[in-house]
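J.: Pasting work.pdb below, which is PDB, C-alpha atoms.
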```pdb
ATOM      1  CA  MET A   1     134.953 -68.185 107.559
ATOM      2  CA  SER A   2     135.217 -66.102 110.725
ATOM      3  CA  GLU A   3     137.241 -63.251 109.243
ATOM      4  CA  GLU A   4     134.219 -61.375 107.893
ATOM      5  CA  LYS A   5     133.053 -58.068 109.295
ATOM      6  CA  GLN A   6     132.203 -58.334 113.009
ATOM      7  CA  ARG A   7     128.417 -58.532 113.375
ATOM      8  CA  LYS A   8     126.952 -56.598 116.275
ATOM      9  CA  LEU A   9     123.591 -56.771 118.018
ATOM     10  CA  ALA A  10     121.958 -54.246 120.364
ATOM     11  CA  ILE A  11     118.914 -55.395 122.289
ATOM     12  CA  ILE A  12     116.671 -52.937 124.113
ATOM     13  CA  CYS A  13     114.676 -54.595 126.885
ATOM     14  CA  SER A  14     111.734 -52.434 127.955
ATOM     15  CA  LYS A  15     109.456 -54.957 129.661
ATOM     16  CA  GLY A  16     109.609 -56.391 133.160
ATOM     17  CA  SER A  17     107.305 -59.368 132.949
ATOM     18  CA  LEU A  18     108.731 -62.868 132.980
ATOM     19  CA  ASP A  19     107.511 -63.752 129.489
ATOM     20  CA  MET A  20     109.020 -60.601 127.995
ATOM     21  CA  ALA A  21     112.351 -61.061 129.772
ATOM     22  CA  TYR A  22     113.254 -64.249 127.972
ATOM     23  CA  PRO A  23     113.203 -63.270 124.272
ATOM     24  CA  GLY A  24     115.961 -60.712 124.783
ATOM     25  CA  MET A  25     118.120 -63.072 126.806
ATOM     26  CA  VAL A  26     117.642 -65.978 124.411
ATOM     27  CA  LEU A  27     118.593 -63.816 121.434
ATOM     28  CA  ALA A  28     121.570 -62.274 123.240
ATOM     29  CA  ASN A  29     122.865 -65.683 124.197
ATOM     30  CA  ALA A  30     122.307 -67.141 120.720
ATOM     31  CA  ALA A  31     124.223 -64.225 119.240
ATOM     32  CA  LEU A  32     127.140 -64.729 121.617
ATOM     33  CA  MET A  33     127.215 -68.461 120.866
ATOM     34  CA  SER A  34     127.514 -67.483 117.200
ATOM     35  CA  GLY A  35     130.344 -65.030 117.778
ATOM     36  CA  ILE A  36     128.248 -61.858 117.485
ATOM     37  CA  GLU A  37     129.001 -58.872 119.734
ATOM     38  CA  VAL A  38     126.088 -58.152 122.101
ATOM     39  CA  HIS A  39     124.915 -55.038 123.970
ATOM     40  CA  MET A  40     121.764 -55.118 126.111
ATOM     41  CA  PHE A  41     120.128 -51.872 127.212
ATOM     42  CA  PHE A  42     117.523 -52.115 129.969
ATOM     43  CA  THR A  43     115.012 -49.300 130.055
ATOM     44  CA  PHE A  44     111.804 -48.513 131.910
ATOM     45  CA  TRP A  45     110.105 -51.735 133.125
ATOM     46  CA  GLY A  46     112.948 -53.662 131.547
ATOM     47  CA  LEU A  47     115.035 -52.410 134.459
ATOM     48  CA  ASP A  48     113.254 -54.991 136.626
ATOM     49  CA  MET A  49     115.368 -57.608 134.839
ATOM     50  CA  ILE A  50     118.533 -56.091 136.299
ATOM     51  CA  VAL A  51     117.337 -54.617 139.595
ATOM     52  CA  ASP A  52     118.910 -56.957 142.103
ATOM     53  CA  ARG A  53     115.930 -57.248 144.457
ATOM     54  CA  LYS A  54     113.431 -57.709 141.629
ATOM     55  CA  MET A  55     115.116 -59.876 139.001
ATOM     56  CA  ASP A  56     114.407 -63.153 140.802
ATOM     57  CA  HIS A  57     110.734 -62.317 141.161
ATOM     58  CA  LEU A  58     109.531 -61.410 137.651
ATOM     59  CA  LYS A  59     105.959 -62.496 137.001
ATOM     60  CA  ILE A  60     103.573 -63.274 134.207
ATOM     61  CA  THR A  61      99.892 -62.458 134.536
ATOM     62  CA  PRO A  62      97.061 -64.074 132.583
ATOM     63  CA  LEU A  63      95.002 -60.886 133.038
ATOM     64  CA  GLY A  64      94.426 -59.142 129.735
ATOM     65  CA  ASN A  65      96.562 -61.681 127.930
ATOM     66  CA  PRO A  66      94.374 -63.273 125.253
ATOM     67  CA  SER A  67      97.077 -65.794 124.329
ATOM     68  CA  MET A  68      96.704 -67.540 127.656
ATOM     69  CA  GLY A  69      93.060 -68.288 127.025
ATOM     70  CA  MET A  70      91.880 -67.561 130.546
ATOM     71  CA  PRO A  71      88.758 -65.380 130.977
ATOM     72  CA  ASN A  72      89.670 -62.050 132.576
ATOM     73  CA  LEU A  73      86.992 -62.540 135.242
ATOM     74  CA  ILE A  74      88.887 -65.577 136.460
ATOM     75  CA  SER A  75      92.323 -63.998 135.962
ATOM     76  CA  ILE A  76      91.518 -61.325 138.528
ATOM     77  CA  LEU A  77      91.183 -63.885 141.319
ATOM     78  CA  PRO A  78      93.942 -63.821 143.935
ATOM     79  CA  GLY A  79      96.776 -66.207 143.228
ATOM     80  CA  MET A  80      96.274 -66.440 139.464
ATOM     81  CA  THR A  81      99.424 -64.466 138.664
ATOM     82  CA  ALA A  82     101.433 -66.587 141.072
ATOM     83  CA  MET A  83     100.043 -69.723 139.486
ATOM     84  CA  ALA A  84     100.795 -68.631 135.920
ATOM     85  CA  THR A  85     104.288 -67.565 137.002
ATOM     86  CA  SER A  86     105.065 -70.824 138.682
ATOM     87  CA  MET A  87     103.799 -72.759 135.658
ATOM     88  CA  MET A  88     105.928 -70.743 133.274
ATOM     89  CA  LYS A  89     109.021 -71.120 135.455
ATOM     90  CA  LYS A  90     108.579 -74.883 135.396
ATOM     91  CA  GLU A  91     108.273 -74.922 131.609
ATOM     92  CA  ILE A  92     111.372 -72.741 131.259
ATOM     93  CA  ALA A  93     113.353 -75.083 133.494
ATOM     94  CA  LYS A  94     112.131 -78.105 131.500
ATOM     95  CA  LEU A  95     113.709 -76.614 128.372
ATOM     96  CA  ASP A  96     116.934 -76.184 130.363
ATOM     97  CA  PHE A  97     116.792 -72.386 130.225
ATOM     98  CA  PRO A  98     118.187 -70.849 133.426
ATOM     99  CA  PRO A  99     116.382 -68.358 135.688
ATOM    100  CA  VAL A 100     116.869 -64.642 134.901
ATOM    101  CA  ARG A 101     119.850 -64.003 137.203
ATOM    102  CA  GLU A 102     121.763 -67.059 136.042
ATOM    103  CA  PHE A 103     120.905 -66.364 132.394
ATOM    104  CA  LEU A 104     122.213 -62.784 132.597
ATOM    105  CA  GLN A 105     125.355 -63.994 134.357
ATOM    106  CA  MET A 106     125.849 -66.472 131.528
ATOM    107  CA  ILE A 107     125.530 -63.633 129.010
ATOM    108  CA  VAL A 108     128.079 -61.556 130.934
ATOM    109  CA  ASP A 109     130.472 -64.518 131.197
ATOM    110  CA  ALA A 110     130.132 -65.006 127.450
ATOM    111  CA  GLY A 111     131.237 -61.426 126.861
ATOM    112  CA  GLY A 112     127.868 -59.670 126.541
ATOM    113  CA  HIS A 113     127.503 -56.096 127.816
ATOM    114  CA  LEU A 114     124.617 -54.971 130.038
ATOM    115  CA  TYR A 115     123.609 -51.338 130.601
ATOM    116  CA  GLY A 116     120.974 -49.623 132.723
ATOM    117  CA  CYS A 117     119.045 -46.656 131.327
ATOM    118  CA  LYS A 118     119.931 -43.507 133.235
ATOM    119  CA  MET A 119     116.658 -41.697 132.724
ATOM    120  CA  SER A 120     114.497 -44.619 133.872
ATOM    121  CA  MET A 121     116.752 -45.132 136.867
ATOM    122  CA  ASP A 122     116.468 -41.476 137.871
ATOM    123  CA  MET A 123     112.726 -41.690 137.548
ATOM    124  CA  MET A 124     112.547 -44.800 139.740
ATOM    125  CA  LYS A 125     115.132 -43.411 142.212
ATOM    126  CA  LEU A 126     117.590 -46.211 141.542
ATOM    127  CA  THR A 127     121.384 -46.122 141.620
ATOM    128  CA  LYS A 128     124.015 -48.464 140.226
ATOM    129  CA  ASP A 129     124.131 -50.125 143.682
ATOM    130  CA  ASP A 130     120.567 -51.356 143.193
ATOM    131  CA  LEU A 131     121.550 -53.242 140.057
ATOM    132  CA  PHE A 132     122.747 -56.756 139.367
ATOM    133  CA  PRO A 133     126.564 -56.691 139.664
ATOM    134  CA  GLY A 134     126.967 -57.923 136.078
ATOM    135  CA  VAL A 135     125.673 -54.602 134.744
ATOM    136  CA  GLU A 136     128.593 -52.759 133.212
ATOM    137  CA  ARG A 137     127.387 -49.173 133.256
ATOM    138  CA  VAL A 138     124.479 -46.796 133.435
ATOM    139  CA  LEU A 139     123.974 -44.962 130.156
ATOM    140  CA  GLY A 140     121.990 -42.115 128.715
ATOM    141  CA  ALA A 141     120.149 -42.593 125.443
ATOM    142  CA  MET A 142     122.826 -40.703 123.515
ATOM    143  CA  GLU A 143     125.601 -42.883 124.848
ATOM    144  CA  PHE A 144     123.570 -45.895 123.811
ATOM    145  CA  MET A 145     123.472 -44.436 120.300
ATOM    146  CA  GLU A 146     127.270 -44.364 120.304
ATOM    147  CA  ILE A 147     127.584 -47.899 121.612
ATOM    148  CA  SER A 148     125.057 -49.293 119.165
ATOM    149  CA  GLU A 149     126.608 -47.673 116.116
ATOM    150  CA  GLY A 150     126.595 -50.176 113.270
ATOM    151  CA  ALA A 151     124.591 -52.690 115.283
ATOM    152  CA  GLN A 152     121.371 -54.412 114.387
ATOM    153  CA  ILE A 153     118.800 -53.279 116.930
ATOM    154  CA  ILE A 154     116.047 -55.327 118.517
ATOM    155  CA  PHE A 155     113.444 -53.617 120.689
ATOM    156  CA  ILE A 156     111.530 -55.785 123.104
TER     157      ILE A 156
ATOM    158  CA  MET B   1     127.847 -84.198  99.744
ATOM    159  CA  PRO B   2     131.276 -82.794  98.992
ATOM    160  CA  THR B   3     134.333 -84.550 100.305
ATOM    161  CA  ARG B   4     137.612 -83.070 101.401
ATOM    162  CA  GLU B   5     140.913 -84.271 102.747
ATOM    163  CA  ILE B   6     141.593 -83.396 106.377
ATOM    164  CA  ALA B   7     144.730 -84.628 108.126
ATOM    165  CA  GLY B   8     145.383 -87.192 105.393
ATOM    166  CA  LYS B   9     141.883 -88.647 105.437
ATOM    167  CA  VAL B  10     139.160 -88.098 102.844
ATOM    168  CA  VAL B  11     135.865 -87.380 104.594
ATOM    169  CA  GLU B  12     132.391 -86.168 103.663
ATOM    170  CA  VAL B  13     131.566 -82.666 104.851
ATOM    171  CA  ASP B  14     128.512 -80.410 104.556
ATOM    172  CA  ALA B  15     128.455 -76.917 103.054
ATOM    173  CA  GLU B  16     129.637 -75.350 106.328
ATOM    174  CA  GLY B  17     132.468 -77.818 106.835
ATOM    175  CA  PHE B  18     130.885 -80.012 109.499
ATOM    176  CA  LEU B  19     131.754 -83.709 109.190
ATOM    177  CA  CYS B  20     128.783 -85.665 107.869
ATOM    178  CA  ASN B  21     129.742 -88.837 109.645
ATOM    179  CA  PRO B  22     130.984 -88.472 113.239
ATOM    180  CA  ASN B  23     132.710 -91.850 112.904
ATOM    181  CA  ASP B  24     135.147 -90.372 110.370
ATOM    182  CA  TRP B  25     136.541 -88.181 113.150
ATOM    183  CA  THR B  26     140.089 -88.617 114.431
ATOM    184  CA  ARG B  27     142.142 -86.566 116.883
ATOM    185  CA  GLU B  28     144.280 -85.398 113.960
ATOM    186  CA  ILE B  29     141.189 -84.131 112.148
ATOM    187  CA  ALA B  30     140.211 -82.225 115.308
ATOM    188  CA  GLU B  31     143.634 -80.603 115.428
ATOM    189  CA  GLU B  32     143.482 -79.554 111.799
ATOM    190  CA  ILE B  33     139.942 -78.131 111.996
ATOM    191  CA  ALA B  34     140.934 -76.316 115.203
ATOM    192  CA  ARG B  35     143.783 -74.622 113.331
ATOM    193  CA  GLU B  36     141.342 -73.574 110.597
ATOM    194  CA  GLU B  37     139.200 -72.054 113.377
ATOM    195  CA  GLY B  38     142.185 -70.127 114.658
ATOM    196  CA  ILE B  39     143.061 -72.370 117.600
ATOM    197  CA  GLU B  40     146.725 -73.236 117.145
ATOM    198  CA  GLN B  41     147.115 -75.751 119.925
ATOM    199  CA  LEU B  42     144.434 -77.893 121.555
ATOM    200  CA  THR B  43     145.117 -78.007 125.298
ATOM    201  CA  ASP B  44     143.896 -80.555 127.858
ATOM    202  CA  LEU B  45     140.932 -78.303 128.596
ATOM    203  CA  HIS B  46     139.994 -78.178 124.896
ATOM    204  CA  TRP B  47     140.141 -81.967 124.843
ATOM    205  CA  LYS B  48     138.002 -82.191 127.946
ATOM    206  CA  VAL B  49     135.262 -80.279 126.099
ATOM    207  CA  ILE B  50     135.713 -82.180 122.836
ATOM    208  CA  GLU B  51     135.639 -85.565 124.531
ATOM    209  CA  PHE B  52     132.580 -84.614 126.556
ATOM    210  CA  CYS B  53     130.787 -83.611 123.331
ATOM    211  CA  ARG B  54     131.729 -86.826 121.567
ATOM    212  CA  ALA B  55     130.576 -88.963 124.489
ATOM    213  CA  ASP B  56     127.364 -86.961 124.883
ATOM    214  CA  PHE B  57     126.615 -87.244 121.170
ATOM    215  CA  LYS B  58     127.110 -90.999 121.371
ATOM    216  CA  ALA B  59     124.735 -91.249 124.312
ATOM    217  CA  ARG B  60     122.016 -88.864 123.091
ATOM    218  CA  GLY B  61     122.362 -88.677 119.318
ATOM    219  CA  GLU B  62     122.708 -84.893 119.038
ATOM    220  CA  SER B  63     125.371 -82.240 119.522
ATOM    221  CA  PRO B  64     125.147 -80.969 123.096
ATOM    222  CA  THR B  65     124.106 -77.343 123.620
ATOM    223  CA  LEU B  66     126.635 -74.995 125.216
ATOM    224  CA  ARG B  67     124.397 -74.934 128.282
ATOM    225  CA  ARG B  68     124.721 -78.694 128.539
ATOM    226  CA  ILE B  69     128.472 -78.556 128.040
ATOM    227  CA  THR B  70     128.941 -75.993 130.812
ATOM    228  CA  LYS B  71     126.594 -77.825 133.172
ATOM    229  CA  GLU B  72     127.924 -81.325 132.627
ATOM    230  CA  SER B  73     131.575 -81.137 131.595
ATOM    231  CA  GLY B  74     132.831 -78.965 134.451
ATOM    232  CA  VAL B  75     134.105 -76.258 132.053
ATOM    233  CA  ASP B  76     132.317 -72.987 132.849
ATOM    234  CA  THR B  77     130.953 -70.418 130.385
ATOM    235  CA  LYS B  78     133.853 -67.984 130.699
ATOM    236  CA  THR B  79     136.434 -70.708 130.124
ATOM    237  CA  LEU B  80     134.483 -72.153 127.212
ATOM    238  CA  TYR B  81     134.420 -68.774 125.445
ATOM    239  CA  THR B  82     138.146 -68.350 126.117
ATOM    240  CA  LEU B  83     138.966 -71.788 124.753
ATOM    241  CA  PHE B  84     136.796 -71.384 121.657
ATOM    242  CA  PRO B  85     136.545 -67.636 121.090
ATOM    243  CA  LYS B  86     134.049 -65.930 118.770
ATOM    244  CA  GLY B  87     131.210 -68.345 118.450
ATOM    245  CA  PRO B  88     131.960 -71.457 120.493
ATOM    246  CA  ALA B  89     128.757 -73.308 119.551
ATOM    247  CA  LYS B  90     129.696 -74.100 115.972
ATOM    248  CA  LYS B  91     133.431 -74.257 116.645
ATOM    249  CA  VAL B  92     133.145 -76.927 119.299
ATOM    250  CA  ALA B  93     130.802 -79.059 117.184
ATOM    251  CA  ARG B  94     132.957 -78.729 114.086
ATOM    252  CA  ILE B  95     136.168 -79.630 115.904
ATOM    253  CA  ALA B  96     134.461 -82.537 117.673
ATOM    254  CA  GLY B  97     133.303 -83.845 114.277
ATOM    255  CA  LEU B  98     129.615 -83.500 115.109
ATOM    256  CA  GLY B  99     126.723 -81.882 113.261
ATOM    257  CA  LYS B 100     125.765 -78.255 113.701
ATOM    258  CA  PRO B 101     124.042 -77.830 117.083
ATOM    259  CA  THR B 102     120.338 -77.027 116.778
ATOM    260  CA  GLY B 103     119.530 -76.091 120.388
ATOM    261  CA  CYS B 104     118.707 -72.480 121.316
ATOM    262  CA  ILE B 105     120.808 -72.405 124.444
TER     263      ILE B 105
END
```
Is it possible to express this structure as structure tokens?
T.:
Amino acid sequence: MSEEKQRKLAIICSKGSLDMAYPGMVLANAALMSGIEVHMFFTFWGLDMIVDRKMDHLKITPLGNPSMGMPNLISILPGMTAMATSMMKKEIAKLDFPPVREFLQMIVDAGGHLYGCKMSMDMMKLTKDDLFPGVERVLGAMEFMEISEGAQIIFI
Amino acid sequence: MPTREIAGKVVEVDAEGFLCNPNDWTREIAEEIAREEGIEQLTDLHWKVIEFCRADFKARGESPTLRRITKESGVDTKTLYTLFPKGPAKKVARIAGLGKPTGCI
């Protein structure tokens, strides 16, 4: 049953908030657990997920987020983002999902490939040394096209 | 449910080949399913994982997630993927005679 054509998944992570970091990682990990080849490309704000000094401090803000049901006038108060972030981190831990750094390490250990987007990194004055050590390479968009050939693509 | 003979024993299996009744499981069945999954020889480390899963299933009533296996059994992610390459989640559960894992991690 495992001798069929190798399925391949490419996930583009373009967001740097805590709530938007998880879908990509959960899907990448689920794919690896199922024997699917995985490539993750981090671009623009998504780079925050793999910038070493930022990845442990991703946040979620209730401001302008209608799903959280908090009036914007209250969301602007100091400390609201910190509160929402700490609540979400607790819920994530309750479900036994690891923090971002540990999750990405798990994906790397499972054979997943992580790439930084060259253009976004140039724009933000970042080099490979600023990135999480698990990141394999820094790529341009065209190289990503080569790597993702034949893959199913998810943009987050 | 269909039945099939594995390692000289007739057991009930589901459409994907998972044992329906974990109590039907024997070490010989594990070895034969492992070969079907492309693992020729189960080593001590394989058994460590399989036995952890069986014990955990007995205690909690569901197949452990890979996250749970790596946290609790002492076998890390890299090793787990080397032992059960290309999709360890289903492979481990099938070889351990447990149902398909439903967890997302």
J.: Residues around (113.4, -64.3, 141.4), cut-off 12 Å, counting all atoms listed in the file - what are they as an mmCIF file with C-alpha atoms, in the coordinates of the input?
T.:
```cif
data_model
loop_
_atom_site.group_PDB
_atom_site.id
_atom_site.type_symbol
_atom_site.label_atom_id
_atom_site.label_comp_id
_atom_site.auth_asym_id
_atom_site.auth_seq_id
_atom_site.Cartn_x
_atom_site.Cartn_y
_atom_site.Cartn_z
ATOM 1 C CA SER A 17 107.305 -59.368 132.949
ATOM 2 C CA LEU A 18 108.731 -62.868 132.980
ATOM 3 C CA ASP A 48 113.254 -54.991 136.626
ATOM 4 C CA MET A 49 115.368 -57.608 134.839
ATOM 5 C CA ILE A 50 118.533 -56.091 136.299
ATOM 6 C CA VAL A 51 117.337 -54.617 139.595
ATOM 7 C CA ASP A 52 118.910 -56.957 142.103
ATOM 8 C CA ARG A 53 115.930 -57.248 144.457
ATOM 9 C CA LYS A 54 113.431 -57.709 141.629
ATOM 10 C CA MET A 55 115.116 -59.876 139.001
ATOM 11 C CA ASP A 56 114.407 -63.153 140.802
ATOM 12 C CA HIS A 57 110.734 -62.317 141.161
ATOM 13 C CA LEU A 58 109.531 -61.410 137.651
ATOM 14 C CA LYS A 59 105.959 -62.496 137.001
ATOM 15 C CA THR A 85 104.288 -67.565 137.002
ATOM 16 C CA SER A 86 105.065 -70.824 138.682
ATOM 17 C CA LYS A 89 109.021 -71.120 135.455
ATOM 18 C CA PRO A 98 118.187 -70.849 133.426
ATOM 19 C CA PRO A 99 116.382 -68.358 135.688
ATOM 20 C CA VAL A 100 116.869 -64.642 134.901
ATOM 21 C CA ARG A 101 119.850 -64.003 137.203
ATOM 22 C CA GLU A 102 121.763 -67.059 136.042
ATOM 23 C CA PHE A 103 120.905 -66.364 132.394
#
```
J.: Name the residues that the PyMOL selection byres ((chain A) within 9 of (chain B)) picks from the file above, as a PyMOL selection string, using the file's chain letters and numbers.
T.: chain A and resi 1-2+26-27+29-37+96-97+106-111
J.: On this file, the PyMOL selection byres ((chain B and resi 6) around 9) gives some set of residues; write that set as a ChimeraX atom specification.
T.: /B:4-5,7-11,28-29,32-33
J.: Which residues, protein or nucleic acid, reach to within 7 Å of (120.2, -52.5, 136.9) in the file's coordinates when using all atoms listed in the file, and can you give that as a list in words?
T.: Leu47, Ile50, Val51, Asp52, Gly116, Lys128, Asp130, Leu131, Phe132 and Val135 of chain A
J.: For Thr61 in chain A, which residue out of A:Pro78, A:Ile153, A:Gly140, A:Ala84 is the nearest one, using all atoms listed in the file?
T.: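 Going through A:Pro78, A:Ile153, A:Gly140, A:Ala84 one by one, the smallest distance to Thr61 in chain A is for A:Ala84.
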J.: Given the choices B:Asp24, B:Asp44, B:Glu31, B:Asp56, which gets closest to Ile69 in chain B if the distance is worked out from only C-alpha atoms?
T.: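 For Ile69 in chain B, the nearest of the given residues is B:Asp56.
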J.: Could you please determine the separation between CA of Asp129 in chain A and CA of Met25 in chain A in Å, to one decimal place?
T.: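 Calculated distance between CA of Asp129 in chain A and CA of Met25 in chain A is 22.1 Å.
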J.: Quick one: which residues end up in the PyMOL selection byres ((chain A and resi 150) around 12) for this structure, as a list in words?
T.: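 Residues picked by the PyMOL selection byres ((chain A and resi 150) around 12): Lys5, Gln6, Arg7, Lys8, Leu9, Ala10, Glu37, Val38, His39, Phe144, Met145, Glu146, Ile147, Ser148, Glu149, Ala151, Gln152 and Ile153 of chain A.
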